[in-house]
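K.L.:
Dropping in upload_35.pdb, which is PDB, C-alpha atoms, pLDDT in the B column:
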ATOM      1  CA  MET A   1      61.670 -11.473 -32.971  1.00 82.00           C
ATOM      2  CA  SER A   2      64.530 -13.901 -33.510  1.00 88.00           C
ATOM      3  CA  GLN A   3      64.422 -17.631 -32.946  1.00 94.00           C
ATOM      4  CA  VAL A   4      66.809 -20.555 -33.335  1.00 97.00           C
ATOM      5  CA  GLU A   5      66.117 -24.220 -32.782  1.00 97.00           C
ATOM      6  CA  ALA A   6      68.532 -27.134 -32.750  1.00 98.00           C
ATOM      7  CA  VAL A   7      68.692 -30.728 -31.549  1.00 98.00           C
ATOM      8  CA  PHE A   8      71.720 -32.107 -29.684  1.00 98.00           C
ATOM      9  CA  PRO A   9      72.521 -35.613 -28.458  1.00 98.00           C
ATOM     10  CA  ALA A  10      72.143 -35.749 -24.670  1.00 98.00           C
ATOM     11  CA  ARG A  11      75.862 -35.961 -23.860  1.00 97.00           C
ATOM     12  CA  PHE A  12      77.954 -33.875 -21.494  1.00 97.00           C
ATOM     13  CA  ALA A  13      80.365 -33.021 -24.297  1.00 95.00           C
ATOM     14  CA  GLU A  14      77.513 -31.376 -26.212  1.00 97.00           C
ATOM     15  CA  ILE A  15      76.764 -28.894 -23.432  1.00 97.00           C
ATOM     16  CA  ALA A  16      79.579 -26.586 -24.532  1.00 96.00           C
ATOM     17  CA  ARG A  17      78.022 -26.450 -28.019  1.00 97.00           C
ATOM     18  CA  ILE A  18      74.603 -25.666 -26.573  1.00 98.00           C
ATOM     19  CA  CYS A  19      76.173 -22.953 -24.411  1.00 97.00           C
ATOM     20  CA  ALA A  20      77.926 -21.487 -27.454  1.00 97.00           C
ATOM     21  CA  LEU A  21      74.556 -21.136 -29.129  1.00 97.00           C
ATOM     22  CA  VAL A  22      73.104 -19.477 -26.032  1.00 98.00           C
ATOM     23  CA  GLN A  23      76.033 -17.073 -25.853  1.00 97.00           C
ATOM     24  CA  LEU A  24      75.700 -16.155 -29.524  1.00 97.00           C
ATOM     25  CA  GLU A  25      72.011 -15.388 -29.177  1.00 96.00           C
ATOM     26  CA  ALA A  26      72.441 -13.602 -25.840  1.00 96.00           C
ATOM     27  CA  ALA A  27      75.148 -11.383 -27.328  1.00 96.00           C
ATOM     28  CA  ALA A  28      72.913 -10.600 -30.310  1.00 95.00           C
ATOM     29  CA  ALA A  29      70.133  -9.724 -27.870  1.00 94.00           C
ATOM     30  CA  GLY A  30      72.421  -7.182 -26.190  1.00 94.00           C
ATOM     31  CA  PHE A  31      73.238  -8.920 -22.908  1.00 96.00           C
ATOM     32  CA  ASP A  32      76.644  -7.979 -21.498  1.00 96.00           C
ATOM     33  CA  GLU A  33      79.408 -10.580 -21.020  1.00 96.00           C
ATOM     34  CA  LYS A  34      78.485 -11.332 -17.418  1.00 96.00           C
ATOM     35  CA  GLU A  35      74.855 -11.956 -18.318  1.00 97.00           C
ATOM     36  CA  GLN A  36      75.892 -14.004 -21.347  1.00 97.00           C
ATOM     37  CA  PHE A  37      77.906 -16.189 -18.979  1.00 97.00           C
ATOM     38  CA  ARG A  38      75.027 -16.519 -16.535  1.00 98.00           C
ATOM     39  CA  LEU A  39      72.567 -17.465 -19.265  1.00 98.00           C
ATOM     40  CA  GLN A  40      75.001 -20.140 -20.431  1.00 98.00           C
ATOM     41  CA  LEU A  41      75.327 -21.336 -16.854  1.00 98.00           C
ATOM     42  CA  ALA A  42      71.555 -21.662 -16.378  1.00 98.00           C
ATOM     43  CA  CYS A  43      71.277 -23.603 -19.628  1.00 98.00           C
ATOM     44  CA  ASP A  44      74.289 -25.773 -18.776  1.00 97.00           C
ATOM     45  CA  GLU A  45      72.798 -26.719 -15.392  1.00 96.00           C
ATOM     46  CA  ALA A  46      69.451 -27.524 -16.985  1.00 96.00           C
ATOM     47  CA  CYS A  47      71.085 -29.724 -19.647  1.00 97.00           C
ATOM     48  CA  THR A  48      73.180 -31.494 -17.007  1.00 95.00           C
ATOM     49  CA  ASN A  49      70.004 -32.243 -15.028  1.00 93.00           C
ATOM     50  CA  ILE A  50      68.300 -33.599 -18.150  1.00 95.00           C
ATOM     51  CA  ILE A  51      71.206 -35.955 -18.873  1.00 96.00           C
ATOM     52  CA  GLU A  52      71.677 -37.057 -15.254  1.00 93.00           C
ATOM     53  CA  HIS A  53      68.076 -37.239 -14.056  1.00 90.00           C
ATOM     54  CA  ALA A  54      65.638 -37.321 -16.977  1.00 93.00           C
ATOM     55  CA  TYR A  55      67.691 -39.696 -19.119  1.00 96.00           C
ATOM     56  CA  GLY A  56      69.662 -41.256 -16.276  1.00 94.00           C
ATOM     57  CA  GLY A  57      72.912 -41.058 -18.222  1.00 96.00           C
ATOM     58  CA  GLU A  58      74.469 -40.054 -21.515  1.00 97.00           C
ATOM     59  CA  ASN A  59      73.436 -41.108 -25.022  1.00 97.00           C
ATOM     60  CA  ARG A  60      69.873 -42.014 -24.138  1.00 97.00           C
ATOM     61  CA  GLY A  61      68.064 -39.363 -26.135  1.00 97.00           C
ATOM     62  CA  ASN A  62      68.227 -35.834 -27.448  1.00 98.00           C
ATOM     63  CA  ILE A  63      67.837 -32.339 -26.105  1.00 98.00           C
ATOM     64  CA  ARG A  64      65.907 -29.981 -28.333  1.00 98.00           C
ATOM     65  CA  VAL A  65      66.908 -26.396 -27.735  1.00 98.00           C
ATOM     66  CA  LEU A  66      64.797 -23.406 -28.644  1.00 98.00           C
ATOM     67  CA  ILE A  67      66.076 -19.881 -28.049  1.00 98.00           C
ATOM     68  CA  ARG A  68      63.795 -16.974 -28.733  1.00 97.00           C
ATOM     69  CA  GLN A  69      64.117 -13.264 -28.193  1.00 94.00           C
ATOM     70  CA  ARG A  70      60.896 -11.320 -28.264  1.00 90.00           C
ATOM     71  CA  ASP A  71      59.520  -8.164 -26.691  1.00 88.00           C
ATOM     72  CA  GLY A  72      62.416  -7.707 -24.277  1.00 89.00           C
ATOM     73  CA  SER A  73      62.443 -11.283 -23.034  1.00 95.00           C
ATOM     74  CA  PHE A  74      65.007 -13.990 -23.746  1.00 97.00           C
ATOM     75  CA  LEU A  75      63.572 -17.483 -23.682  1.00 98.00           C
ATOM     76  CA  ILE A  76      65.460 -20.767 -23.499  1.00 98.00           C
ATOM     77  CA  GLN A  77      63.333 -23.851 -23.889  1.00 98.00           C
ATOM     78  CA  LEU A  78      64.754 -27.362 -23.483  1.00 98.00           C
ATOM     79  CA  HIS A  79      62.831 -30.458 -24.396  1.00 98.00           C
ATOM     80  CA  ASP A  80      63.646 -34.077 -23.606  1.00 97.00           C
ATOM     81  CA  THR A  81      61.872 -37.407 -23.699  1.00 96.00           C
ATOM     82  CA  GLY A  82      63.288 -38.768 -20.457  1.00 95.00           C
ATOM     83  CA  ARG A  83      61.613 -39.540 -17.173  1.00 92.00           C
ATOM     84  CA  PRO A  84      59.069 -36.978 -15.957  1.00 88.00           C
ATOM     85  CA  PHE A  85      60.392 -34.293 -13.673  1.00 74.00           C
ATOM     86  CA  ASP A  86      58.715 -33.830 -10.287  1.00 67.00           C
ATOM     87  CA  PRO A  87      58.307 -30.079  -9.646  1.00 56.00           C
ATOM     88  CA  SER A  88      57.705 -30.645  -5.936  1.00 61.00           C
ATOM     89  CA  ASN A  89      61.277 -31.909  -5.545  1.00 63.00           C
ATOM     90  CA  PHE A  90      62.458 -28.959  -7.554  1.00 55.00           C
ATOM     91  CA  GLU A  91      60.791 -26.497  -5.197  1.00 50.00           C
ATOM     92  CA  LEU A  92      62.548 -28.100  -2.244  1.00 47.00           C
ATOM     93  CA  GLU A  93      65.964 -27.928  -3.873  1.00 49.00           C
ATOM     94  CA  SER A  94      65.576 -24.492  -5.383  1.00 47.00           C
ATOM     95  CA  SER A  95      64.808 -22.969  -2.017  1.00 49.00           C
ATOM     96  CA  ARG A  96      68.137 -24.044  -0.569  1.00 55.00           C
ATOM     97  CA  GLN A  97      70.051 -21.417   1.290  1.00 56.00           C
ATOM     98  CA  PRO A  98      73.836 -21.347   1.252  1.00 56.00           C
ATOM     99  CA  SER A  99      75.209 -22.611   4.532  1.00 57.00           C
ATOM    100  CA  ALA A 100      77.979 -20.779   6.328  1.00 59.00           C
ATOM    101  CA  ASP A 101      79.097 -24.083   7.826  1.00 69.00           C
ATOM    102  CA  LEU A 102      81.323 -26.083   5.509  1.00 70.00           C
ATOM    103  CA  ALA A 103      80.581 -29.325   7.321  1.00 67.00           C
ATOM    104  CA  GLU A 104      76.848 -28.892   6.729  1.00 67.00           C
ATOM    105  CA  LEU A 105      77.196 -27.749   3.146  1.00 68.00           C
ATOM    106  CA  GLN A 106      75.673 -30.068   0.584  1.00 68.00           C
ATOM    107  CA  GLU A 107      77.651 -30.615  -2.573  1.00 67.00           C
ATOM    108  CA  GLY A 108      74.673 -31.146  -4.868  1.00 67.00           C
ATOM    109  CA  GLY A 109      71.680 -29.097  -5.870  1.00 77.00           C
ATOM    110  CA  TRP A 110      73.564 -25.993  -6.960  1.00 87.00           C
ATOM    111  CA  GLY A 111      72.406 -26.331 -10.542  1.00 89.00           C
ATOM    112  CA  LEU A 112      68.755 -25.823  -9.701  1.00 89.00           C
ATOM    113  CA  HIS A 113      69.656 -22.997  -7.360  1.00 90.00           C
ATOM    114  CA  PHE A 114      71.610 -21.282 -10.167  1.00 94.00           C
ATOM    115  CA  MET A 115      68.755 -21.660 -12.651  1.00 95.00           C
ATOM    116  CA  HIS A 116      66.362 -19.971 -10.255  1.00 93.00           C
ATOM    117  CA  SER A 117      68.849 -17.260  -9.264  1.00 94.00           C
ATOM    118  CA  ILE A 118      69.735 -16.339 -12.829  1.00 97.00           C
ATOM    119  CA  MET A 119      66.414 -16.565 -14.646  1.00 97.00           C
ATOM    120  CA  ASP A 120      63.269 -14.534 -13.996  1.00 97.00           C
ATOM    121  CA  GLU A 121      61.014 -17.482 -14.745  1.00 96.00           C
ATOM    122  CA  VAL A 122      61.637 -21.246 -14.621  1.00 95.00           C
ATOM    123  CA  ARG A 123      58.803 -23.556 -15.551  1.00 94.00           C
ATOM    124  CA  PHE A 124      58.624 -27.335 -15.938  1.00 92.00           C
ATOM    125  CA  ASP A 125      55.970 -29.085 -17.982  1.00 92.00           C
ATOM    126  CA  PHE A 126      55.530 -32.778 -18.608  1.00 90.00           C
ATOM    127  CA  ASP A 127      53.383 -34.414 -21.225  1.00 88.00           C
ATOM    128  CA  MET A 128      52.979 -38.194 -21.352  1.00 85.00           C
ATOM    129  CA  ASP A 129      53.292 -38.142 -25.137  1.00 86.00           C
ATOM    130  CA  GLN A 130      55.703 -35.258 -25.682  1.00 88.00           C
ATOM    131  CA  GLY A 131      58.049 -35.506 -22.680  1.00 94.00           C
ATOM    132  CA  ASN A 132      59.617 -32.786 -20.479  1.00 95.00           C
ATOM    133  CA  THR A 133      59.722 -29.151 -21.460  1.00 96.00           C
ATOM    134  CA  LEU A 134      61.713 -26.687 -19.395  1.00 96.00           C
ATOM    135  CA  THR A 135      61.078 -23.027 -20.124  1.00 97.00           C
ATOM    136  CA  MET A 136      63.410 -20.379 -18.708  1.00 97.00           C
ATOM    137  CA  ILE A 137      62.908 -16.684 -19.329  1.00 98.00           C
ATOM    138  CA  LYS A 138      65.213 -13.762 -18.646  1.00 98.00           C
ATOM    139  CA  VAL A 139      63.778 -10.291 -18.998  1.00 95.00           C
ATOM    140  CA  HIS A 140      66.139  -7.989 -20.820  1.00 84.00           C
ATOM    141  CA  PRO A 141      67.195  -5.114 -18.536  1.00 70.00           C
TER     142      PRO A 141
ATOM    143  CA  MET B   1      84.298 -22.541 -29.579  1.00 48.00           C
ATOM    144  CA  ALA B   2      84.686 -24.016 -26.111  1.00 52.00           C
ATOM    145  CA  ASP B   3      88.245 -24.256 -24.861  1.00 70.00           C
ATOM    146  CA  LEU B   4      89.127 -27.536 -23.203  1.00 77.00           C
ATOM    147  CA  ALA B   5      90.341 -27.420 -19.646  1.00 90.00           C
ATOM    148  CA  THR B   6      93.957 -28.073 -18.762  1.00 93.00           C
ATOM    149  CA  PHE B   7      95.237 -29.071 -15.347  1.00 95.00           C
ATOM    150  CA  ASP B   8      98.827 -28.786 -14.205  1.00 96.00           C
ATOM    151  CA  VAL B   9     100.006 -30.006 -10.797  1.00 97.00           C
ATOM    152  CA  GLN B  10     103.215 -28.795  -9.201  1.00 97.00           C
ATOM    153  CA  SER B  11     104.293 -30.280  -5.861  1.00 96.00           C
ATOM    154  CA  MET B  12     106.243 -27.979  -3.595  1.00 96.00           C
ATOM    155  CA  ASN B  13     107.558 -28.438  -0.070  1.00 94.00           C
ATOM    156  CA  ARG B  14     104.372 -27.704   1.824  1.00 94.00           C
ATOM    157  CA  VAL B  15     101.884 -26.969  -0.922  1.00 98.00           C
ATOM    158  CA  ASP B  16     100.581 -28.450  -4.134  1.00 98.00           C
ATOM    159  CA  LEU B  17      99.915 -25.816  -6.793  1.00 98.00           C
ATOM    160  CA  VAL B  18      97.254 -26.764  -9.312  1.00 98.00           C
ATOM    161  CA  THR B  19      96.959 -24.483 -12.327  1.00 98.00           C
ATOM    162  CA  VAL B  20      93.600 -24.801 -14.048  1.00 97.00           C
ATOM    163  CA  SER B  21      92.528 -23.121 -17.240  1.00 97.00           C
ATOM    164  CA  GLY B  22      89.762 -23.352 -19.807  1.00 97.00           C
ATOM    165  CA  ARG B  23      86.245 -24.585 -19.371  1.00 96.00           C
ATOM    166  CA  ILE B  24      85.143 -26.744 -16.423  1.00 97.00           C
ATOM    167  CA  ASP B  25      81.723 -28.313 -16.827  1.00 96.00           C
ATOM    168  CA  SER B  26      80.021 -31.699 -16.452  1.00 95.00           C
ATOM    169  CA  SER B  27      82.140 -33.176 -19.225  1.00 95.00           C
ATOM    170  CA  ASN B  28      85.440 -32.788 -17.359  1.00 95.00           C
ATOM    171  CA  ALA B  29      84.619 -31.946 -13.719  1.00 96.00           C
ATOM    172  CA  GLY B  30      85.111 -35.621 -12.880  1.00 95.00           C
ATOM    173  CA  GLN B  31      88.687 -35.416 -14.126  1.00 96.00           C
ATOM    174  CA  PHE B  32      89.209 -32.214 -12.134  1.00 96.00           C
ATOM    175  CA  ASP B  33      87.810 -33.882  -9.014  1.00 97.00           C
ATOM    176  CA  GLU B  34      90.018 -36.952  -9.485  1.00 97.00           C
ATOM    177  CA  ILE B  35      93.130 -34.789  -9.743  1.00 97.00           C
ATOM    178  CA  LEU B  36      92.262 -33.001  -6.506  1.00 97.00           C
ATOM    179  CA  LYS B  37      91.332 -36.251  -4.755  1.00 97.00           C
ATOM    180  CA  GLY B  38      94.626 -37.737  -5.940  1.00 97.00           C
ATOM    181  CA  ILE B  39      96.527 -34.935  -4.197  1.00 98.00           C
ATOM    182  CA  VAL B  40      94.710 -35.243  -0.866  1.00 97.00           C
ATOM    183  CA  GLY B  41      94.918 -39.029  -1.207  1.00 96.00           C
ATOM    184  CA  LYS B  42      98.682 -38.678  -0.880  1.00 96.00           C
ATOM    185  CA  GLY B  43      98.218 -36.840   2.396  1.00 96.00           C
ATOM    186  CA  ARG B  44      98.859 -33.457   0.780  1.00 97.00           C
ATOM    187  CA  ASN B  45      96.218 -31.192   2.273  1.00 97.00           C
ATOM    188  CA  ASN B  46      97.578 -27.738   1.455  1.00 98.00           C
ATOM    189  CA  ILE B  47      96.447 -26.900  -2.057  1.00 98.00           C
ATOM    190  CA  VAL B  48      96.527 -23.714  -4.105  1.00 98.00           C
ATOM    191  CA  LEU B  49      94.287 -23.551  -7.138  1.00 98.00           C
ATOM    192  CA  GLU B  50      95.456 -21.015  -9.687  1.00 98.00           C
ATOM    193  CA  MET B  51      92.267 -20.206 -11.602  1.00 98.00           C
ATOM    194  CA  ASN B  52      93.111 -17.073 -13.554  1.00 97.00           C
ATOM    195  CA  GLY B  53      92.659 -18.878 -16.861  1.00 97.00           C
ATOM    196  CA  VAL B  54      89.308 -20.479 -16.098  1.00 97.00           C
ATOM    197  CA  SER B  55      86.946 -19.134 -18.745  1.00 96.00           C
ATOM    198  CA  TYR B  56      83.884 -20.995 -17.518  1.00 97.00           C
ATOM    199  CA  MET B  57      82.879 -23.074 -14.501  1.00 97.00           C
ATOM    200  CA  SER B  58      79.540 -24.729 -13.771  1.00 97.00           C
ATOM    201  CA  SER B  59      78.261 -26.229 -10.536  1.00 95.00           C
ATOM    202  CA  ALA B  60      80.031 -29.453 -11.511  1.00 95.00           C
ATOM    203  CA  GLY B  61      83.364 -27.675 -10.967  1.00 96.00           C
ATOM    204  CA  LEU B  62      82.051 -26.032  -7.827  1.00 95.00           C
ATOM    205  CA  ARG B  63      81.247 -29.452  -6.341  1.00 94.00           C
ATOM    206  CA  ALA B  64      84.875 -30.509  -6.801  1.00 96.00           C
ATOM    207  CA  LEU B  65      86.058 -27.325  -5.050  1.00 96.00           C
ATOM    208  CA  VAL B  66      83.694 -27.745  -2.097  1.00 94.00           C
ATOM    209  CA  SER B  67      84.465 -31.436  -1.715  1.00 94.00           C
ATOM    210  CA  THR B  68      88.217 -30.811  -1.723  1.00 96.00           C
ATOM    211  CA  LEU B  69      87.980 -27.838   0.623  1.00 96.00           C
ATOM    212  CA  ARG B  70      86.035 -29.968   3.095  1.00 94.00           C
ATOM    213  CA  THR B  71      88.598 -32.785   2.972  1.00 96.00           C
ATOM    214  CA  CYS B  72      91.554 -30.421   3.302  1.00 97.00           C
ATOM    215  CA  LYS B  73      89.998 -28.625   6.291  1.00 95.00           C
ATOM    216  CA  ARG B  74      89.144 -31.926   7.969  1.00 95.00           C
ATOM    217  CA  ASN B  75      92.827 -32.862   7.673  1.00 96.00           C
ATOM    218  CA  ARG B  76      93.957 -29.496   9.064  1.00 96.00           C
ATOM    219  CA  GLY B  77      94.893 -28.183   5.653  1.00 97.00           C
ATOM    220  CA  ASP B  78      93.231 -25.738   3.269  1.00 98.00           C
ATOM    221  CA  LEU B  79      92.334 -25.156  -0.348  1.00 98.00           C
ATOM    222  CA  ARG B  80      93.156 -21.581  -1.343  1.00 98.00           C
ATOM    223  CA  LEU B  81      92.452 -19.795  -4.594  1.00 98.00           C
ATOM    224  CA  ALA B  82      94.957 -17.736  -6.562  1.00 98.00           C
ATOM    225  CA  ALA B  83      93.729 -15.107  -9.008  1.00 98.00           C
ATOM    226  CA  PRO B  84      90.306 -16.655  -9.559  1.00 98.00           C
ATOM    227  CA  SER B  85      88.833 -15.409 -12.826  1.00 98.00           C
ATOM    228  CA  GLU B  86      85.746 -13.208 -12.911  1.00 97.00           C
ATOM    229  CA  ARG B  87      83.674 -16.239 -13.938  1.00 97.00           C
ATOM    230  CA  VAL B  88      84.869 -18.318 -10.986  1.00 98.00           C
ATOM    231  CA  VAL B  89      84.141 -15.479  -8.575  1.00 97.00           C
ATOM    232  CA  ASP B  90      80.675 -15.072 -10.094  1.00 97.00           C
ATOM    233  CA  VAL B  91      79.867 -18.759  -9.581  1.00 97.00           C
ATOM    234  CA  LEU B  92      81.073 -18.617  -5.972  1.00 96.00           C
ATOM    235  CA  LYS B  93      78.925 -15.530  -5.383  1.00 95.00           C
ATOM    236  CA  LEU B  94      75.855 -17.146  -6.970  1.00 94.00           C
ATOM    237  CA  ALA B  95      76.333 -20.083  -4.610  1.00 92.00           C
ATOM    238  CA  GLY B  96      76.939 -17.779  -1.640  1.00 90.00           C
ATOM    239  CA  LEU B  97      80.332 -19.389  -1.083  1.00 91.00           C
ATOM    240  CA  ASN B  98      82.741 -16.590  -1.939  1.00 89.00           C
ATOM    241  CA  SER B  99      83.625 -16.028   1.722  1.00 91.00           C
ATOM    242  CA  MET B 100      84.269 -19.729   2.290  1.00 93.00           C
ATOM    243  CA  PHE B 101      87.393 -19.766   0.099  1.00 96.00           C
ATOM    244  CA  SER B 102      90.517 -17.758   0.885  1.00 97.00           C
ATOM    245  CA  SER B 103      91.542 -15.916  -2.229  1.00 97.00           C
ATOM    246  CA  TYR B 104      94.865 -14.303  -3.172  1.00 98.00           C
ATOM    247  CA  PRO B 105      95.877 -12.052  -6.066  1.00 98.00           C
ATOM    248  CA  ASP B 106      98.417 -14.522  -7.451  1.00 98.00           C
ATOM    249  CA  SER B 107      99.907 -17.956  -6.876  1.00 97.00           C
ATOM    250  CA  VAL B 108     103.035 -16.580  -5.163  1.00 97.00           C
ATOM    251  CA  ALA B 109     100.910 -14.906  -2.494  1.00 98.00           C
ATOM    252  CA  ALA B 110      98.657 -17.944  -2.136  1.00 98.00           C
ATOM    253  CA  VAL B 111     101.544 -20.416  -1.801  1.00 97.00           C
ATOM    254  CA  GLY B 112     103.315 -18.056   0.597  1.00 97.00           C
ATOM    255  CA  SER B 113     100.235 -17.889   2.813  1.00 97.00           C
ATOM    256  CA  PHE B 114     100.768 -21.477   4.003  1.00 96.00           C
TER     257      PHE B 114
END
How would this structure read if it were set down as structure tokens?
P.N.:
Amino acid sequence: MSQVEAVFPARFAEIARICALVQLEAAAAGFDEKEQFRLQLACDEACTNIIEHAYGGENRGNIRVLIRQRDGSFLIQLHDTGRPFDPSNFELESSRQPSADLAELQEGGWGLHFMHSIMDEVRFDFDMDQGNTLTMIKVHP
Amino acid sequence: MADLATFDVQSMNRVDLVTVSGRIDSSNAGQFDEILKGIVGKGRNNIVLEMNGVSYMSSAGLRALVSTLRTCKRNRGDLRLAAPSERVVDVLKLAGLNSMFSSYPDSVAAVGSF
């Protein structure tokens, strides 16, 4: 098992650093370049959502990142102390289907769609005392 | 670590060629979007995006592409991609939008298509 944990200020400019950590760990876990990119993308989208929706902007808290590889699964866990996340809204957005009609195409919501498409498991937990915890798991092929 | 994005705009007779490289994410997608909006704001609705050097793009960059494509099409123009990198193509595929953008092997072919 390998595990790394780090805390980053909730700022957009920090997302590249978080992604670099994900890429490093994903490469060490044996994921190919395409999968390394996709794991970064899922984490990026999750961090962006935390900053935009949980904290409602930049510099309003931290994002604690935990990356763990164990028994063929790659886990990314993100924790924040922002507003609670409503999973029912998430289900609505994550089930979006790409539209073939440009005029009808929504410009938002892709991040959640990507997280679900890339990861094998996406789970949101909220604790009144501890805050939001997002757990994403990718099973190693 | 992460390479910062660079944007270069070249105005031609009928087309504006925008060369993008580096990483496009939430930290700079706003700048990317403003550049594209600035072009269509001048009534220039034929745009080629040369994206061979884009090493990373999140949904924040995708939003700018979709928004600009919609505006260009509404104004009887188009946003066409030249040599999109593997990462850009992957993001378009994940979103199910790869068929929505016309793509060309290089900027010469893309500019010439208008």
K.L.:
Leaving out Pro84 (chain B) and any residue of its chain fewer than 3 positions from it, which residues lie within 9 Å of it when counting all atoms listed in the file, given as a ChimeraX atom specification?
P.N.:
/B:49-54,81,87-89,103-106
K.L.:
Which is closest to chain A among B:Ser55, B:Ser21, B:Thr6, B:Ser11, if we use only C-alpha atoms?
P.N.:
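The shortest atom-to-atom distance to chain A comes from B:Ser55.
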K.L.:
Taking all atoms listed in the file into account, which of A:Val139, A:Leu102, A:Ile118, A:Cys19 comes nearest Leu69 (chain B)?
P.N.:
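Ranking A:Val139, A:Leu102, A:Ile118, A:Cys19 by distance to Leu69 (chain B), first place goes to A:Leu102.
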K.L.:
Name every residue that the PyMOL selection byres ((chain B) within 8 of (chain A)) selects in this structure, writing the answer as a list in words with chains first and numbers rising.
P.N.:
Met1, Ala2, Ser26, Ser27, Tyr56, Ser58, Ser59, Arg63, Val66, Ser67, Arg70, Arg87, Leu94, Ala95, Gly96, Leu97 and Met100 of chain B
K.L.:
Can you list, as a PDB file with C-alpha atoms, in the frame of the given file, every protein, DNA or RNA residue that comes within 12 Å of Met128 (chain A) when you count only C-alpha atoms, leaving out same-chain residues fewer than 4 positions away?
P.N.:
ATOM      1  CA  ASP A  80      63.646 -34.077 -23.606  1.00 97.00           C
ATOM      2  CA  THR A  81      61.872 -37.407 -23.699  1.00 96.00           C
ATOM      3  CA  GLY A  82      63.288 -38.768 -20.457  1.00 95.00           C
ATOM      4  CA  ARG A  83      61.613 -39.540 -17.173  1.00 92.00           C
ATOM      5  CA  PRO A  84      59.069 -36.978 -15.957  1.00 88.00           C
ATOM      6  CA  PHE A  85      60.392 -34.293 -13.673  1.00 74.00           C
ATOM      7  CA  ASN A 132      59.617 -32.786 -20.479  1.00 95.00           C
ATOM      8  CA  THR A 133      59.722 -29.151 -21.460  1.00 96.00           C
TER       9      THR A 133
END
K.L.:
Starting from the shown file, work through the PyMOL selection byres ((chain A and resi 137) around 7) and note down what comes out as a list in words.
P.N.:
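Given this file, the PyMOL selection byres ((chain A and resi 137) around 7) evaluates to Ser73, Phe74, Leu75, Ile76, Met119, Asp120, Glu121, Val122, Thr135, Met136, Lys138 and Val139 of chain A.
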K.L.:
Using only C-alpha atoms, find the one residue out of A:Asp127, A:Ala29, A:His53, A:Cys43 that sits nearest to Asp25 (chain B).
P.N.:
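Distance minimum relative to Asp25 (chain B) lands on A:Cys43.
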K.L.:
Can you tell me which residues surround Gln36 (chain A) at a distance of at most 6 Å, considering all atoms listed in the file, apart from same-chain residues fewer than 4 positions away, and format the answer as an NGL selection string?
P.N.:
:A and (23 or 26 or 31)
